[in-house]
Every structure is written in structure tokens, then in C-alpha cells.
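Asks: Provided herewith is a single structure, encoded as C-alpha cells, for subsequent inquiry.
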Number of protein chains: 2
Amino acid sequence: MDFKVTILGSSAASPARGRNQTSQVVTAGNSCYLVDCGEAAQIQMKRYKIKLSKIDHVFISHLHGDHYLGLMGLISTLHLARRDRQLTIFGPKGLDEIITVQLKYSHLKLNYPLRFVAVSYDGKTLLHEDKYVKVYSFPLKHRIPCTGYSFEEKERPRNLIKSKLQETKLPIEAIRALRNGQDYWDDQMKVWYRVNDYAYPPAPLRKYAFCSDTLFDEDLVPYISESTLLYHEATFMHIDQRRAVETCHSTAVEAATIAKLSGAKQLLLGHYSSRYADLNLLLEEAKAVFYPSLLSEEGNSYWIE
Amino acid sequence: MDFKVTILGSSAASPARGRNQTSQVVTAGNSCYLVDCGEAAQIQMKRYKIKLSKIDHVFISHLHGDHYLGLMGLISTLHLARRDRQLTIFGPKGLDEIITVQLKYSHLKLNYPLRFVAVSYDGKTLLHEDKYVKVYSFPLKHRIPCTGYSFEEKERPRNLIKSKLQETKLPIEAIRALRNGQDYWDDQMKVWYRVNDYAYPPAPLRKYAFCSDTLFDEDLVPYISESTLLYHEATFMHIDQRRAVETCHSTAVEAATIAKLSGAKQLLLGHYSSRYADLNLLLEEAKAVFYPSLLSEEGNSYWIE
């Protein structure tokens, strides 16, 4: 399964220094998930040749404008492109009202169904699953209700060892069980086929966790533990930590600390304050705490592997 | 007085082919007026080095997203930039509700006063004036309530003829009257000072008219008559006129016809459908009817003179 995240925006609050507001596309198998949708997200998608029509599910973290203001434009463009498939939007209660009032005044009757699902703030909640991944929400600590999202790979069929299969003629039920990771007892032949003899060990299950806007919060750790790739906002440098606390944001050091505590494999930084021209200062700070840290850059894709 | 319009967006409906949604900045003297505010207008302003803080008045033509979706982002960025001066928004009833609901859910208490003025659809209405211009709204014919705007230069003090002033010692009251375009009777000296002897003829008063989205409509002519520069949407080529009628838009030929009928000096085309890659086809069509036609191009300024 292809599993990656493409960054559409990396700026905090306002677009500045050529950086756009938070928005990302998570690709998992055949599905593309839009995660937050700052102003101009649809323009960024076109710039980076991501088909708008591939998005069936949108996940909005909270109702600060820099995380959702691109949504109405996207909804309208999908209508103009004669979409007929349902679009599902997960997000805070209130987002439905914001959309509805705008559809009302524009007299826009969408030619596709729009389904809105309000997220809960009560621990980790399964929102959606398909063949490849499960998507969960979990609460973040911000000035207004806010959730992160995690995309967690589901167990895949085990790859069987070809040479072993050539040695033994296995019944079809045995092959099915082994691919599903189970041993198989052949009642006729009175033989145990042990999965670990016939199948390669399973690849570790991958996980992408997205923490859009949050105060440094160790309570997050259980929700995002063992992420293959953890995106965590790093609005400020640590010298500006006071400002981070005032605004319910994190510093690069704090993002790195959460990555370390939660056992992440890699950390992706973002949501940079416009006060920083040189983002390498944030990166260096993070690396000092958690070496496998990366700067998210717009237009770049980061593989979750 | 500097009098020009800078184009931030020239696309109809959706951003496409690198073109953004409708938005313009009209500069008149020391004032900058934002006219429509499609998605990413604030990003375009930054790209073209137009200071957001200079905008005190915004004029929104109608509540189709491509004409107002950039407004919430702009409002929020001005707040973050610690604006304290009032921002006045003229636009359709309903826009206030759209703004209010979004401020409510983002828990945003603006640190500057936001004043909303609902426009009327009953003929030409004076909305605003300063030292240099008067701004009027007038109704357009579109699928939802929609207004155009005109920016009309006010009479300026006449320039006096220096050599004439050197010949005659004029009383201060005479100078004031002559500069205001009036003759002056000197009661002591029993002399008439005739304005046309002492002052250069007044420069013709300039006018910019903006017709965002409209069906071809001869009823517009009285509102926009004798414009120095007329902006008129030209969504379609004339071969697609049927589509123009269906969607309440105009063709380039129709825009040019209105320019001709209304005695415009120059015509500026815009709001191009994404179906056209080569906009020169629209321009040629318009020029065949009204030669002084121009294509609006993003980042370009067009002088009203």
C-alpha cells in the first residue's frame, strides 16, 4: 500500500512568506484524505497535480480559519465539476452550520450528497475505515475544541514463502488461513501447517498521526504512540515558549519531546509562525531532542514507512 | 489624484489555469478599496505588495463564493496584525450572518470594529465618499442578488493660471472662489473675475465602473454611462452565448456592446471561464465591437485616465 502525506500548507495563522495555511493530503492505498483545509487548499492541490475528485473524506481539526477556510471553495468547485459521489466531512460541531449558511445565501444546491460527521472529544474514536486503514480522532489541547487524527494501517494478508508452497501441495483453506496469519489443521492429513513456517513475518503496521494545533501535552502520548510518522505543530522556537503557552501552541522542542515520549519513528514539523524566515532554526532545535525530525515543505510528499 | 485598479483575480467560478477568483483593489488618492474578495485575495495582495492595512472599505458584489470567500481570511489576518481601525464592508444582506457565525465558532473577538452595510437593489445608491471619490452601488442581473459598484471622481479645485495671477493682485476670497470654479465679484474694486479667465479648464471627471457577474443588460447603461474605464465580466465567447444566458453571465461581445452603448472610454474584460486557455480569443471578439478593450491580467494595474 502506498502510504504518504503531501503538504499543501505549512504556515500558522496567516499565509505569509509564501507559505500557505495548514492542509495536507494523506494517500493510503487508493484513497486520498484531505486533512485540514486552509484558504487556497484547492489552489495548492491544483498546483501539485492532486486531483480534487479523488477526495471523498475531509478531516477538519478545529474552527480557526487557517484550518478550514478553503473548504467552501473546494465544496463549490466539486459541484461545478459535476461531482455526484458523496463527500464526507468530519469536524467540529458548527462546521455544518458554517457550510449551510453559505450554501443558503449562494442558492447553491449541490449535485452531490454532503455528509457531515461531528467529532467527539472523548478519547480516541474510530471515524472511518476502508480496506487499508482505520482513521481515528483524538482530542488536542487548544483554545477552542480541537482534534488530531491518526491513520492506522490495518493488518494485511501475509506473503507466503513460494519455495515452501512448491514443496507441499496445500489445500485452498490452508492458504487462506495462512495468508490471514493463522495456523491451519488439516483434518484429513492430520497435519498442522504453522503460519510462521509458510509465511514471511508481517511488515510492521504503519501509522500517521496529525496534531494540528496544540499546547505541549503529554496526555497525547497514548493516542499517537509508535507512529511511523508523527506530524506535530511547531509554531514557535523554544525562546518564544511563553508565547506558545499564551496561544496554546507548541515549540519545536516540545514537538520533538512528544515524538520521543510517544516512540515515533520520524517527526514532521509544521504550522510555522510567520516570524521565522529561517526554518532550519526550528529544525535544529527539534533534532537536538529527537534526531529523526523533518521540516514539512509545501509540495513535498513524505512516505510513511 | 492617482486613480487605478489592480487585478488580483480574473477567473470565473473556480480558480483554474493559474487564475484566481474575482478581486480587485481600486486606488483613488490615498484610499485603497477592495472590490470583491475571492479565495486567496489576501495571498494575491501580498504577492503584489499591496498592504492589507491600507484597506478600510470592502465592496462585495454578491454571495457566490468566488466573490467573497477570501473575506474571512482577510478579516482574521487584519486582527492578527493588531489592526484597530474600523473596517467597513458593503455587500448583500446575509454576508453579516456568514461572518458572524464564523467569528462565533472560532471564538474570535476582533480587536477592531467591523461595520457592515447592506446594499440596496433599488437603482444607483451612494454608499461612501471621501475627499476624492464617491462610491455608488447599482443592481446587476444575476442568479442571486448582485450589485456593481462605480467609483466617481469628485470635482477638484481648478488650477489657476500663474501668469494671470502675476498680472493681477487677487484678494484671497477671489482665489478661493476661482479654485472652486466660481466667478468672483470684487465689491470694493467693482471688478468681475471670471473663472475661465483665471483658471485652466477642469480636467474631465474620471469614473471606474465594476460589473462583476451579470447577464447582458442594457438597463445597466444609465448607471455606468461615460465610464473612463468600465470593467465588465466576459465569462464566455459568443459561441457559448447560450451557456452565458443559462448561467446569467455575459460574452465578450456583450461586454463590448455595453461598453459601446454606455460611452465608455476603455473596457476591461475579466471573469474568464476556465474553458478558455487563450484569452486573446475573447479580446479579439470584444475589440471587433469596441476597439479600446483590454484583458485584465492578475498583478497588472490599469490607470483610470
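In the C-alpha cells, chains take letters A, B, ... by order of appearance, with residues numbered from 1 within each chain and ligands from 1 in the order shown.
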Which residues are close to segment 207-219 of chain A, i.e. within 8 Å by only C-alpha atoms, leaving aside same-chain residues fewer than 4 positions away? Reply as a PDB file with N, CA and C atoms, in the first residue's frame.
Replies:
ATOM      1  N   THR A  22      -2.546  25.560   7.010  1.00  0.00           N
ATOM      2  CA  THR A  22      -2.489  24.099   7.153  1.00  0.00           C
ATOM      3  C   THR A  22      -3.451  23.353   6.232  1.00  0.00           C
ATOM      4  N   SER A  61      -9.617  19.779  11.834  1.00  0.00           N
ATOM      5  CA  SER A  61      -9.205  19.667  13.233  1.00  0.00           C
ATOM      6  C   SER A  61      -9.949  20.639  14.153  1.00  0.00           C
ATOM      7  N   LEU A 140      -7.049  17.291  21.173  1.00  0.00           N
ATOM      8  CA  LEU A 140      -5.841  18.093  21.397  1.00  0.00           C
ATOM      9  C   LEU A 140      -6.195  19.201  22.397  1.00  0.00           C
ATOM     10  N   LYS A 141      -5.176  19.865  22.923  1.00  0.00           N
ATOM     11  CA  LYS A 141      -5.440  20.965  23.875  1.00  0.00           C
ATOM     12  C   LYS A 141      -5.188  22.292  23.182  1.00  0.00           C
ATOM     13  N   HIS A 142      -6.260  22.981  22.825  1.00  0.00           N
ATOM     14  CA  HIS A 142      -6.109  24.252  22.123  1.00  0.00           C
ATOM     15  C   HIS A 142      -7.119  25.248  22.689  1.00  0.00           C
ATOM     16  N   CYS A 146     -10.631  20.992  19.592  1.00  0.00           N
ATOM     17  CA  CYS A 146      -9.689  20.661  18.513  1.00  0.00           C
ATOM     18  C   CYS A 146      -9.356  19.173  18.593  1.00  0.00           C
ATOM     19  N   THR A 147      -9.306  18.517  17.447  1.00  0.00           N
ATOM     20  CA  THR A 147      -8.897  17.104  17.444  1.00  0.00           C
ATOM     21  C   THR A 147      -7.736  16.885  16.490  1.00  0.00           C
ATOM     22  N   GLY A 148      -6.911  15.899  16.865  1.00  0.00           N
ATOM     23  CA  GLY A 148      -5.946  15.354  15.926  1.00  0.00           C
ATOM     24  C   GLY A 148      -6.578  14.165  15.222  1.00  0.00           C
ATOM     25  N   TYR A 149      -5.862  13.628  14.250  1.00  0.00           N
ATOM     26  CA  TYR A 149      -6.349  12.443  13.526  1.00  0.00           C
ATOM     27  C   TYR A 149      -5.193  11.466  13.360  1.00  0.00           C
ATOM     28  N   SER A 150      -5.509  10.172  13.444  1.00  0.00           N
ATOM     29  CA  SER A 150      -4.463   9.201  13.112  1.00  0.00           C
ATOM     30  C   SER A 150      -4.973   8.239  12.044  1.00  0.00           C
ATOM     31  N   PHE A 151      -4.075   7.895  11.168  1.00  0.00           N
ATOM     32  CA  PHE A 151      -4.362   6.986  10.053  1.00  0.00           C
ATOM     33  C   PHE A 151      -3.549   5.729  10.316  1.00  0.00           C
ATOM     34  N   GLU A 152      -4.222   4.647  10.635  1.00  0.00           N
ATOM     35  CA  GLU A 152      -3.523   3.449  11.100  1.00  0.00           C
ATOM     36  C   GLU A 152      -3.771   2.288  10.148  1.00  0.00           C
ATOM     37  N   GLU A 153      -2.687   1.757   9.660  1.00  0.00           N
ATOM     38  CA  GLU A 153      -2.768   0.675   8.685  1.00  0.00           C
ATOM     39  C   GLU A 153      -3.415  -0.558   9.312  1.00  0.00           C
ATOM     40  N   ILE A 224      -1.071   8.664  20.123  1.00  0.00           N
ATOM     41  CA  ILE A 224      -0.199   8.743  18.948  1.00  0.00           C
ATOM     42  C   ILE A 224       1.000   7.815  19.081  1.00  0.00           C
ATOM     43  N   GLU A 226       3.903   5.163  19.033  1.00  0.00           N
ATOM     44  CA  GLU A 226       4.532   4.335  17.997  1.00  0.00           C
ATOM     45  C   GLU A 226       4.137   4.761  16.581  1.00  0.00           C
ATOM     46  N   SER A 227       3.987   6.057  16.354  1.00  0.00           N
ATOM     47  CA  SER A 227       3.666   6.500  14.989  1.00  0.00           C
ATOM     48  C   SER A 227       4.878   6.291  14.082  1.00  0.00           C
ATOM     49  N   THR A 228       4.610   5.821  12.880  1.00  0.00           N
ATOM     50  CA  THR A 228       5.692   5.730  11.897  1.00  0.00           C
ATOM     51  C   THR A 228       6.126   7.150  11.527  1.00  0.00           C
ATOM     52  N   LEU A 229       5.126   7.996  11.352  1.00  0.00           N
ATOM     53  CA  LEU A 229       5.400   9.413  11.110  1.00  0.00           C
ATOM     54  C   LEU A 229       4.416  10.217  11.958  1.00  0.00           C
ATOM     55  N   LEU A 230       4.973  11.100  12.754  1.00  0.00           N
ATOM     56  CA  LEU A 230       4.135  11.969  13.586  1.00  0.00           C
ATOM     57  C   LEU A 230       4.265  13.395  13.059  1.00  0.00           C
ATOM     58  N   TYR A 231       3.123  13.990  12.648  1.00  0.00           N
ATOM     59  CA  TYR A 231       3.121  15.428  12.353  1.00  0.00           C
ATOM     60  C   TYR A 231       2.693  16.125  13.634  1.00  0.00           C
ATOM     61  N   HIS A 232       3.517  17.056  14.088  1.00  0.00           N
ATOM     62  CA  HIS A 232       3.168  17.821  15.288  1.00  0.00           C
ATOM     63  C   HIS A 232       3.498  19.276  15.014  1.00  0.00           C
ATOM     64  N   GLU A 233       2.546  20.146  15.294  1.00  0.00           N
ATOM     65  CA  GLU A 233       2.790  21.569  15.066  1.00  0.00           C
ATOM     66  C   GLU A 233       4.015  22.039  15.854  1.00  0.00           C
ATOM     67  N   ALA A 244       3.995  30.587  23.107  1.00  0.00           N
ATOM     68  CA  ALA A 244       3.375  29.298  22.771  1.00  0.00           C
ATOM     69  C   ALA A 244       2.309  28.953  23.809  1.00  0.00           C
ATOM     70  N   VAL A 245       2.652  29.140  25.073  1.00  0.00           N
ATOM     71  CA  VAL A 245       1.691  28.815  26.141  1.00  0.00           C
ATOM     72  C   VAL A 245       0.474  29.745  26.054  1.00  0.00           C
ATOM     73  N   CYS A 248      -1.683  28.661  23.204  1.00  0.00           N
ATOM     74  CA  CYS A 248      -1.981  27.213  23.138  1.00  0.00           C
ATOM     75  C   CYS A 248      -1.328  26.549  21.937  1.00  0.00           C
ATOM     76  N   HIS A 249      -0.074  26.873  21.734  1.00  0.00           N
ATOM     77  CA  HIS A 249       0.695  26.228  20.672  1.00  0.00           C
ATOM     78  C   HIS A 249       1.934  25.562  21.266  1.00  0.00           C
ATOM     79  N   SER A 250       2.746  24.956  20.419  1.00  0.00           N
ATOM     80  CA  SER A 250       3.951  24.254  20.871  1.00  0.00           C
ATOM     81  C   SER A 250       5.199  24.841  20.231  1.00  0.00           C
ATOM     82  N   THR A 251       6.323  24.558  20.875  1.00  0.00           N
ATOM     83  CA  THR A 251       7.615  24.906  20.284  1.00  0.00           C
ATOM     84  C   THR A 251       8.164  23.662  19.582  1.00  0.00           C
ATOM     85  N   GLU A 254       9.229  21.150  22.035  1.00  0.00           N
ATOM     86  CA  GLU A 254       8.100  20.416  22.625  1.00  0.00           C
ATOM     87  C   GLU A 254       7.569  19.353  21.657  1.00  0.00           C
ATOM     88  N   ALA A 255       7.495  19.699  20.382  1.00  0.00           N
ATOM     89  CA  ALA A 255       7.059  18.710  19.385  1.00  0.00           C
ATOM     90  C   ALA A 255       8.006  17.514  19.403  1.00  0.00           C
ATOM     91  N   ILE A 258       7.460  15.295  22.468  1.00  0.00           N
ATOM     92  CA  ILE A 258       6.292  14.408  22.310  1.00  0.00           C
ATOM     93  C   ILE A 258       6.645  13.244  21.375  1.00  0.00           C
ATOM     94  N   HIS A 271       3.224  24.249  10.696  1.00  0.00           N
ATOM     95  CA  HIS A 271       2.465  25.333  11.320  1.00  0.00           C
ATOM     96  C   HIS A 271       3.420  26.403  11.873  1.00  0.00           C
ATOM     97  N   ILE A 304       5.270   7.274   4.600  1.00  0.00           N
ATOM     98  CA  ILE A 304       5.059   6.735   5.946  1.00  0.00           C
ATOM     99  C   ILE A 304       5.522   5.283   5.878  1.00  0.00           C
TER     100      ILE A 304
END
Asks: Taking only C-alpha atoms into account, which residues of chain A are within 7 Å of chain B, as a ChimeraX atom specification?
Replies: /A:14-15,39-40,43,63-65,73,77,94,98,101-102,105-106
Asks: Would you mind exporting the chosen residues as a PDB file, in the first residue's frame, restricted to N, CA and C atoms?
Replies:
ATOM      1  N   SER A  14      -1.786  33.072   9.475  1.00  0.00           N
ATOM      2  CA  SER A  14      -1.999  33.774   8.213  1.00  0.00           C
ATOM      3  C   SER A  14      -1.027  33.249   7.168  1.00  0.00           C
ATOM      4  N   PRO A  15      -1.432  33.302   5.899  1.00  0.00           N
ATOM      5  CA  PRO A  15      -0.453  32.976   4.870  1.00  0.00           C
ATOM      6  C   PRO A  15       0.648  34.042   4.879  1.00  0.00           C
ATOM      7  N   GLU A  39      -7.205  28.275   3.691  1.00  0.00           N
ATOM      8  CA  GLU A  39      -7.510  29.047   2.478  1.00  0.00           C
ATOM      9  C   GLU A  39      -6.553  28.654   1.351  1.00  0.00           C
ATOM     10  N   ALA A  40      -7.111  28.509   0.170  1.00  0.00           N
ATOM     11  CA  ALA A  40      -6.340  28.225  -1.048  1.00  0.00           C
ATOM     12  C   ALA A  40      -5.882  26.775  -1.140  1.00  0.00           C
ATOM     13  N   ILE A  43      -6.294  25.530  -4.555  1.00  0.00           N
ATOM     14  CA  ILE A  43      -5.293  26.082  -5.488  1.00  0.00           C
ATOM     15  C   ILE A  43      -3.991  25.298  -5.341  1.00  0.00           C
ATOM     16  N   LEU A  63     -12.045  24.949  14.322  1.00  0.00           N
ATOM     17  CA  LEU A  63     -12.679  26.023  13.556  1.00  0.00           C
ATOM     18  C   LEU A  63     -11.929  27.355  13.643  1.00  0.00           C
ATOM     19  N   HIS A  64     -10.618  27.327  13.763  1.00  0.00           N
ATOM     20  CA  HIS A  64      -9.849  28.524  13.441  1.00  0.00           C
ATOM     21  C   HIS A  64      -9.698  28.548  11.909  1.00  0.00           C
ATOM     22  N   GLY A  65      -9.886  29.764  11.370  1.00  0.00           N
ATOM     23  CA  GLY A  65      -9.967  29.903   9.920  1.00  0.00           C
ATOM     24  C   GLY A  65      -8.814  29.273   9.164  1.00  0.00           C
ATOM     25  N   GLY A  73     -14.756  26.743  -0.809  1.00  0.00           N
ATOM     26  CA  GLY A  73     -14.295  26.837  -2.195  1.00  0.00           C
ATOM     27  C   GLY A  73     -14.157  25.458  -2.814  1.00  0.00           C
ATOM     28  N   THR A  77     -16.239  24.036  -5.957  1.00  0.00           N
ATOM     29  CA  THR A  77     -15.538  23.588  -7.169  1.00  0.00           C
ATOM     30  C   THR A  77     -15.924  22.148  -7.512  1.00  0.00           C
ATOM     31  N   GLY A  94     -20.671  22.740  14.357  1.00  0.00           N
ATOM     32  CA  GLY A  94     -20.617  24.154  13.996  1.00  0.00           C
ATOM     33  C   GLY A  94     -20.158  24.303  12.551  1.00  0.00           C
ATOM     34  N   ILE A  98     -21.753  26.518   9.441  1.00  0.00           N
ATOM     35  CA  ILE A  98     -20.956  27.433   8.608  1.00  0.00           C
ATOM     36  C   ILE A  98     -21.152  27.111   7.125  1.00  0.00           C
ATOM     37  N   VAL A 101     -25.067  27.860   6.034  1.00  0.00           N
ATOM     38  CA  VAL A 101     -25.447  29.271   5.856  1.00  0.00           C
ATOM     39  C   VAL A 101     -24.866  29.808   4.541  1.00  0.00           C
ATOM     40  N   GLN A 102     -23.696  29.329   4.164  1.00  0.00           N
ATOM     41  CA  GLN A 102     -23.098  29.804   2.922  1.00  0.00           C
ATOM     42  C   GLN A 102     -23.787  29.200   1.693  1.00  0.00           C
ATOM     43  N   TYR A 105     -27.102  31.262   1.202  1.00  0.00           N
ATOM     44  CA  TYR A 105     -27.031  32.586   0.568  1.00  0.00           C
ATOM     45  C   TYR A 105     -26.530  32.541  -0.868  1.00  0.00           C
ATOM     46  N   SER A 106     -25.807  31.471  -1.217  1.00  0.00           N
ATOM     47  CA  SER A 106     -25.363  31.387  -2.615  1.00  0.00           C
ATOM     48  C   SER A 106     -26.398  30.644  -3.459  1.00  0.00           C
TER      49      SER A 106
END
Asks: Suppose you want the space between atom CA of Met237 of chain B and atom CA of Ala288 of chain B; what is it in Å?
Replies: 12.7 Å
Asks: Among segment 20-191 of chain B, which ones does DSSP assign to strand (DSSP E) (computed from the backbone)? Answer as a PyMOL selection string.
Replies: chain B and resi 23-28+31-37+55-59+87-91+114-118+125-129+133-139+147-153+184-186+191
Asks: Run DSSP on the backbone of this structure and report the residues of segment 144-259 of chain A it assigns to helix (DSSP H, G or I), as a CSV table (one decimal) with N, CA and C atoms, in the first residue's frame.
Replies:
chain,number,residue,atom,x,y,z
A,162,LYS,N,7.2,-18.9,-1.3
A,162,LYS,CA,7.0,-19.6,-2.6
A,162,LYS,C,7.6,-21.0,-2.5
A,163,SER,N,8.9,-21.1,-2.1
A,163,SER,CA,9.6,-22.4,-2.1
A,163,SER,C,8.9,-23.4,-1.2
A,164,LYS,N,8.3,-22.9,-0.1
A,164,LYS,CA,7.6,-23.8,0.8
A,164,LYS,C,6.3,-24.4,0.1
A,165,LEU,N,5.7,-23.5,-0.6
A,165,LEU,CA,4.4,-23.9,-1.3
A,165,LEU,C,4.7,-24.9,-2.4
A,166,GLN,N,5.9,-24.8,-3.0
A,166,GLN,CA,6.2,-25.7,-4.1
A,166,GLN,C,6.5,-27.1,-3.5
A,167,GLU,N,7.1,-27.1,-2.3
A,167,GLU,CA,7.4,-28.4,-1.6
A,167,GLU,C,6.1,-29.2,-1.3
A,172,ILE,N,-6.7,-25.3,-0.4
A,172,ILE,CA,-7.0,-23.8,-0.5
A,172,ILE,C,-7.4,-23.2,0.8
A,173,GLU,N,-8.1,-23.9,1.7
A,173,GLU,CA,-8.4,-23.4,3.0
A,173,GLU,C,-7.2,-23.1,3.8
A,174,ALA,N,-6.2,-23.9,3.7
A,174,ALA,CA,-4.9,-23.7,4.4
A,174,ALA,C,-4.3,-22.4,3.9
A,175,ILE,N,-4.3,-22.2,2.6
A,175,ILE,CA,-3.6,-21.0,2.1
A,175,ILE,C,-4.4,-19.7,2.6
A,176,ARG,N,-5.7,-19.8,2.6
A,176,ARG,CA,-6.5,-18.7,3.1
A,176,ARG,C,-6.1,-18.4,4.6
A,177,ALA,N,-6.1,-19.4,5.4
A,177,ALA,CA,-5.8,-19.3,6.8
A,177,ALA,C,-4.3,-18.7,7.0
A,178,LEU,N,-3.4,-19.2,6.3
A,178,LEU,CA,-2.0,-18.8,6.4
A,178,LEU,C,-1.9,-17.3,6.0
A,179,ARG,N,-2.5,-16.9,4.9
A,179,ARG,CA,-2.5,-15.5,4.5
A,179,ARG,C,-3.1,-14.6,5.5
A,195,VAL,N,1.8,-21.0,10.5
A,195,VAL,CA,1.9,-19.8,9.7
A,195,VAL,C,3.4,-19.4,9.6
A,196,ASN,N,4.1,-19.5,10.7
A,196,ASN,CA,5.5,-18.9,10.7
A,196,ASN,C,6.4,-19.8,9.8
A,197,ASP,N,6.0,-21.0,9.5
A,197,ASP,CA,6.8,-21.8,8.6
A,197,ASP,C,6.5,-21.5,7.1
A,198,TYR,N,5.3,-21.0,6.8
A,198,TYR,CA,4.9,-20.9,5.4
A,198,TYR,C,4.8,-19.4,5.0
A,218,GLU,N,1.4,15.9,27.4
A,218,GLU,CA,1.9,14.5,27.4
A,218,GLU,C,0.7,13.6,27.4
A,219,ASP,N,-0.5,14.1,27.7
A,219,ASP,CA,-1.7,13.2,27.6
A,219,ASP,C,-2.0,12.7,26.1
A,220,LEU,N,-1.3,13.4,25.2
A,220,LEU,CA,-1.4,12.9,23.8
A,220,LEU,C,-0.8,11.6,23.5
A,221,VAL,N,0.2,11.3,24.3
A,221,VAL,CA,1.1,10.2,24.0
A,221,VAL,C,0.4,8.9,23.7
A,222,PRO,N,-0.6,8.5,24.6
A,222,PRO,CA,-1.3,7.2,24.3
A,222,PRO,C,-2.0,7.2,22.9
A,223,TYR,N,-2.5,8.4,22.4
A,223,TYR,CA,-3.2,8.4,21.2
A,223,TYR,C,-2.3,8.2,20.0
A,224,ILE,N,-1.1,8.7,20.1
A,224,ILE,CA,-0.2,8.7,18.9
A,224,ILE,C,1.0,7.8,19.1
A,238,HIS,N,11.9,27.6,20.9
A,238,HIS,CA,11.7,27.5,22.4
A,238,HIS,C,11.9,28.8,23.1
A,239,ILE,N,12.7,29.7,22.5
A,239,ILE,CA,12.9,31.1,23.1
A,239,ILE,C,11.5,31.8,23.2
A,240,ASP,N,10.6,31.4,22.4
A,240,ASP,CA,9.2,32.1,22.4
A,240,ASP,C,8.2,31.2,23.1
A,241,GLN,N,8.7,30.3,24.0
A,241,GLN,CA,7.8,29.4,24.7
A,241,GLN,C,6.6,30.0,25.4
A,242,ARG,N,6.9,31.2,26.0
A,242,ARG,CA,5.8,31.9,26.7
A,242,ARG,C,4.7,32.2,25.8
A,243,ARG,N,5.0,32.7,24.6
A,243,ARG,CA,4.0,33.0,23.6
A,243,ARG,C,3.3,31.7,23.1
A,244,ALA,N,4.0,30.6,23.1
A,244,ALA,CA,3.4,29.3,22.8
A,244,ALA,C,2.3,29.0,23.8
A,245,VAL,N,2.7,29.1,25.1
A,245,VAL,CA,1.7,28.8,26.1
A,245,VAL,C,0.5,29.7,26.1
A,246,GLU,N,0.7,31.0,25.9
A,246,GLU,CA,-0.4,32.0,25.8
A,246,GLU,C,-1.4,31.7,24.7
A,247,THR,N,-0.8,31.2,23.5
A,247,THR,CA,-1.7,30.9,22.4
A,247,THR,C,-2.1,29.5,22.2
A,252,ALA,N,9.2,23.9,18.8
A,252,ALA,CA,9.8,22.8,18.1
A,252,ALA,C,10.4,21.7,19.1
A,253,VAL,N,11.0,22.3,20.2
A,253,VAL,CA,11.5,21.4,21.2
A,253,VAL,C,10.4,20.5,21.8
A,254,GLU,N,9.2,21.2,22.0
A,254,GLU,CA,8.1,20.4,22.6
A,254,GLU,C,7.6,19.4,21.7
A,255,ALA,N,7.5,19.7,20.4
A,255,ALA,CA,7.1,18.7,19.4
A,255,ALA,C,8.0,17.5,19.4
A,256,ALA,N,9.3,17.8,19.5
A,256,ALA,CA,10.3,16.7,19.5
A,256,ALA,C,10.2,15.9,20.8
A,257,THR,N,9.9,16.5,21.9
A,257,THR,CA,9.7,15.8,23.1
A,257,THR,C,8.6,14.8,23.0
A,258,ILE,N,7.5,15.3,22.5
A,258,ILE,CA,6.3,14.4,22.3
A,258,ILE,C,6.6,13.2,21.4
A,259,ALA,N,7.4,13.5,20.3
A,259,ALA,CA,7.8,12.5,19.4
A,259,ALA,C,8.6,11.4,20.1
